[in-house]
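Enquirer: To start, I am sharing the structure in question, which I have written as structure tokens.
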Amino acid sequence: MTYVIHPRPNPIIAAMYTLRDMEVDVVIVHGPAGCGFMASRMLEEAGVRVVTSGMKEKDLIFGGAEALVRPLQEVKRRFAPHSVAVIGTCASTIIGDDMAAAIRRVDMGAGCIVFPVDCSGCLGDNTEGAVRALRAGAAAGLIPAAEADRQAALLKAATELEKRVGMASREYLSPAVSPTKLNVCRRIAQTLTDGGKVAVVMIAKKELAYRFADLFVAVNEARRTLGGQTFFAA
């Protein structure tokens, strides 16, 4: 087995994106306020409300139940959601917080589905976080168990492929400098101005596809302004 020492995608973040795909209304990250900050803000742009229990040092000593109850109550008051997922982090996992018990303490109202996702950044493969979110969502009735099994099988196969030929196939990968969006758009615009054809192809995991979808929008706007033909594939 290859001993990978370069930074790897986080299972917690993979679980959060999977919860978005299951159309969960609110995700509560049960951990320190900074855990998953960048992904949390991006998920907000996709229409998912993401809040944090904001665990402090005292919660690591005495338990984080109270830290979780408070955001649950605030989520009910502020958003009146139909579904809420509470996702674990390294901090809550290490101290063994019982998220399900804290959830039972709060009456979220009739028709609101609230469920925990047992997750941490120490699970290894980032896809394991996605699989755990799928299993939790199926148990809560958000998706059929057969669909959870299907997606889990695909995720496990993708992980094996990545270990053979992808980012996890080598011990260390140096960061690669890629073209900026601005340079890419300038080149596309010049091609369209010259009457050429442009094919835009994105090869990315689903969370990155959401992050860089604005490039597709920019190309389409350029096509309408400058004319020419564009072809899209993702």
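If you're wondering about the labels, chains in the structure tokens are A, B, ... by order shown, residues count from 1 in each chain, ligands from 1 in order shown.
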Select from stretch 123-201 of chain A everything DSSP, run on the backbone, classes as strand (DSSP E), then give the selection as a list in words.

Expert: Lys197, Val198, Ala199, Val200 and Val201 of chain A

Enquirer: With C-alpha atoms retained, could you export that selection as a PDB file, in the first residue's frame?

Expert:
```pdb
ATOM      1  CA  LYS A 197     -15.418  26.403 -32.174  1.00  0.00           C
ATOM      2  CA  VAL A 198     -14.891  25.782 -28.474  1.00  0.00           C
ATOM      3  CA  ALA A 199     -15.456  22.553 -26.561  1.00  0.00           C
ATOM      4  CA  VAL A 200     -15.618  22.943 -22.781  1.00  0.00           C
ATOM      5  CA  VAL A 201     -15.035  19.702 -20.887  1.00  0.00           C
TER       6      VAL A 201
END
```

Enquirer: Might you pull out every residue within 8 Å of stretch 17-33 of chain A, with only C-alpha atoms counted and same-chain residues fewer than 3 positions away left off, and present them as a ChimeraX atom specification?

Expert: /A:13-14,37,43,46-56,68,71-72,75,81-92,130,133-134,137,142-143,207

Enquirer: Next, dump the selected residues to file, keeping only N, CA and C atoms, as a CSV table (one decimal), in the first residue's frame.

Expert:
```
chain,number,residue,atom,x,y,z
A,13,ILE,N,-16.1,16.7,4.7
A,13,ILE,CA,-16.5,17.6,3.6
A,13,ILE,C,-17.3,16.7,2.6
A,14,ALA,N,-16.8,15.5,2.4
A,14,ALA,CA,-17.5,14.6,1.4
A,14,ALA,C,-18.9,14.3,1.9
A,37,PHE,N,-14.9,25.3,7.3
A,37,PHE,CA,-15.4,26.6,7.0
A,37,PHE,C,-15.6,26.9,5.5
A,43,LEU,N,-21.5,25.6,0.4
A,43,LEU,CA,-22.7,24.9,0.5
A,43,LEU,C,-23.9,25.9,0.6
A,46,ALA,N,-25.3,26.9,-2.5
A,46,ALA,CA,-26.1,25.9,-3.1
A,46,ALA,C,-27.5,25.7,-2.5
A,47,GLY,N,-27.8,26.6,-1.5
A,47,GLY,CA,-29.1,26.6,-0.9
A,47,GLY,C,-29.2,25.8,0.4
A,48,VAL,N,-28.1,25.2,0.9
A,48,VAL,CA,-28.1,24.5,2.1
A,48,VAL,C,-27.6,25.4,3.2
A,49,ARG,N,-28.4,25.4,4.3
A,49,ARG,CA,-28.0,26.2,5.5
A,49,ARG,C,-27.0,25.4,6.3
A,50,VAL,N,-25.9,26.0,6.6
A,50,VAL,CA,-24.8,25.3,7.4
A,50,VAL,C,-24.5,26.1,8.6
A,51,VAL,N,-24.7,25.5,9.8
A,51,VAL,CA,-24.3,26.1,11.0
A,51,VAL,C,-23.4,25.2,11.8
A,52,THR,N,-22.9,25.8,12.9
A,52,THR,CA,-21.9,25.0,13.7
A,52,THR,C,-22.3,25.0,15.1
A,53,SER,N,-21.9,24.0,15.8
A,53,SER,CA,-22.1,24.0,17.3
A,53,SER,C,-21.0,24.8,18.0
A,54,GLY,N,-19.9,25.1,17.3
A,54,GLY,CA,-18.9,26.0,17.8
A,54,GLY,C,-18.3,25.4,19.1
A,55,MET,N,-17.9,24.2,19.1
A,55,MET,CA,-17.4,23.6,20.4
A,55,MET,C,-16.2,24.3,20.9
A,56,LYS,N,-16.1,24.5,22.2
A,56,LYS,CA,-15.0,25.2,22.8
A,56,LYS,C,-14.2,24.1,23.6
A,68,LEU,N,-24.5,21.4,21.2
A,68,LEU,CA,-25.3,20.9,20.1
A,68,LEU,C,-26.8,21.3,20.2
A,71,PRO,N,-27.7,25.1,18.9
A,71,PRO,CA,-27.9,25.4,17.5
A,71,PRO,C,-29.2,24.6,16.9
A,72,LEU,N,-29.5,23.5,17.5
A,72,LEU,CA,-30.7,22.8,17.1
A,72,LEU,C,-31.9,23.7,17.4
A,75,VAL,N,-31.9,26.6,14.9
A,75,VAL,CA,-32.2,26.2,13.6
A,75,VAL,C,-33.7,26.1,13.4
A,81,PRO,N,-37.0,24.1,9.3
A,81,PRO,CA,-36.6,23.1,8.3
A,81,PRO,C,-37.4,21.9,8.2
A,82,HIS,N,-37.4,21.2,7.1
A,82,HIS,CA,-38.0,19.9,7.0
A,82,HIS,C,-37.0,18.7,7.3
A,83,SER,N,-35.7,19.0,7.1
A,83,SER,CA,-34.7,18.0,7.4
A,83,SER,C,-33.4,18.7,7.9
A,84,VAL,N,-32.9,18.0,8.9
A,84,VAL,CA,-31.6,18.5,9.5
A,84,VAL,C,-30.7,17.4,9.7
A,85,ALA,N,-29.4,17.5,9.3
A,85,ALA,CA,-28.4,16.5,9.5
A,85,ALA,C,-27.3,17.1,10.4
A,86,VAL,N,-27.0,16.3,11.5
A,86,VAL,CA,-26.0,16.7,12.4
A,86,VAL,C,-24.8,15.9,12.1
A,87,ILE,N,-23.7,16.5,11.7
A,87,ILE,CA,-22.5,15.7,11.2
A,87,ILE,C,-21.4,15.8,12.2
A,88,GLY,N,-20.8,14.7,12.6
A,88,GLY,CA,-19.8,14.7,13.6
A,88,GLY,C,-18.4,15.2,13.0
A,89,THR,N,-17.5,15.5,13.8
A,89,THR,CA,-16.2,16.0,13.4
A,89,THR,C,-15.2,15.2,14.3
A,90,CYS,N,-13.9,15.5,14.0
A,90,CYS,CA,-12.8,14.9,14.8
A,90,CYS,C,-13.1,15.1,16.3
A,91,ALA,N,-13.4,16.4,16.7
A,91,ALA,CA,-13.5,16.8,18.1
A,91,ALA,C,-14.7,16.0,18.7
A,92,SER,N,-15.8,15.9,18.1
A,92,SER,CA,-17.0,15.3,18.8
A,92,SER,C,-16.8,13.7,18.8
A,130,ALA,N,-18.8,10.2,2.7
A,130,ALA,CA,-19.9,10.2,1.8
A,130,ALA,C,-20.8,9.0,2.0
A,133,ALA,N,-22.8,9.3,5.2
A,133,ALA,CA,-23.9,10.2,5.0
A,133,ALA,C,-25.1,9.5,4.2
A,134,LEU,N,-24.7,8.7,3.2
A,134,LEU,CA,-25.7,7.9,2.5
A,134,LEU,C,-26.5,7.0,3.4
A,137,GLY,N,-28.7,8.9,5.7
A,137,GLY,CA,-29.9,9.4,5.0
A,137,GLY,C,-30.9,8.3,4.7
A,142,LEU,N,-34.7,9.5,3.9
A,142,LEU,CA,-34.6,10.5,2.8
A,142,LEU,C,-34.3,9.9,1.5
A,143,ILE,N,-33.6,8.8,1.4
A,143,ILE,CA,-33.4,8.1,0.1
A,143,ILE,C,-33.6,6.6,0.3
A,207,GLU,N,-18.3,17.7,-6.3
A,207,GLU,CA,-18.2,18.9,-5.5
A,207,GLU,C,-17.4,20.0,-6.2
```

Enquirer: Pick from A:Gly121, A:Arg70, A:Lys76, A:Val114: nearest to A:Ile94, with only C-alpha atoms counted?

Expert: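 With only C-alpha atoms as the atom set, the closest residue is A:Gly121.
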
Enquirer: Excluding A:Ala136 and residues on its chain fewer than 3 positions from it, collect all residues at most 8 Å away from it, counting only C-alpha atoms, and give them as a list in words.

Expert: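 The filter keeps Phe115, Pro116, Val117, Arg132, Ala133, Ala139 and Ala140 of chain A.
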
Enquirer: Which one is closest to A:Val219: A:Ile5, A:Val184, A:Met38, A:Met16? Count only C-alpha atoms.

Expert: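 Counting only C-alpha atoms, the residue closest to A:Val219 is A:Val184.
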
Enquirer: Kindly give the distance, in Å, that separates atom CA of A:Thr180 and atom CA of A:Ala15, rounded to a single decimal.

Expert: 28.4 Å

Enquirer: For A:Gly129, which of A:Thr2, A:Asn220, A:Thr191, A:Asn10 is the closest residue, counting only C-alpha atoms?

Expert: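 Going through A:Thr2, A:Asn220, A:Thr191, A:Asn10 one by one, the smallest distance to A:Gly129 is for A:Asn10.
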
Enquirer: For A:His6, please output as an mmCIF file with N, CA and C atoms, in the first residue's frame all residues within 12 Å (counting only C-alpha atoms; exclusion window: fewer than 6 positions along the same chain).

Expert:
```
data_model
loop_
_atom_site.group_PDB
_atom_site.id
_atom_site.type_symbol
_atom_site.label_atom_id
_atom_site.label_comp_id
_atom_site.auth_asym_id
_atom_site.auth_seq_id
_atom_site.Cartn_x
_atom_site.Cartn_y
_atom_site.Cartn_z
ATOM 1 N N MET A 167 -4.805 10.525 -7.298
ATOM 2 C CA MET A 167 -4.034 11.271 -6.303
ATOM 3 C C MET A 167 -3.463 10.389 -5.207
ATOM 4 N N ALA A 168 -4.102 9.270 -4.922
ATOM 5 C CA ALA A 168 -3.647 8.400 -3.841
ATOM 6 C C ALA A 168 -2.707 7.304 -4.328
ATOM 7 N N SER A 169 -2.273 7.393 -5.584
ATOM 8 C CA SER A 169 -1.396 6.358 -6.138
ATOM 9 C C SER A 169 0.074 6.672 -5.936
ATOM 10 N N ARG A 170 0.383 7.883 -5.469
ATOM 11 C CA ARG A 170 1.775 8.291 -5.262
ATOM 12 C C ARG A 170 1.934 8.865 -3.861
ATOM 13 N N GLU A 171 3.141 8.724 -3.307
ATOM 14 C CA GLU A 171 3.376 9.171 -1.936
ATOM 15 C C GLU A 171 3.214 10.673 -1.793
ATOM 16 N N TYR A 172 3.738 11.423 -2.755
ATOM 17 C CA TYR A 172 3.661 12.875 -2.658
ATOM 18 C C TYR A 172 3.473 13.476 -4.039
ATOM 19 N N LEU A 173 2.548 14.418 -4.145
ATOM 20 C CA LEU A 173 2.310 15.150 -5.382
ATOM 21 C C LEU A 173 2.535 16.637 -5.123
ATOM 22 N N SER A 174 3.392 17.241 -5.918
ATOM 23 C CA SER A 174 3.609 18.680 -5.790
ATOM 24 C C SER A 174 2.420 19.420 -6.395
ATOM 25 N N PRO A 175 2.024 20.540 -5.819
ATOM 26 C CA PRO A 175 0.919 21.307 -6.390
ATOM 27 C C PRO A 175 1.243 21.736 -7.813
#
```
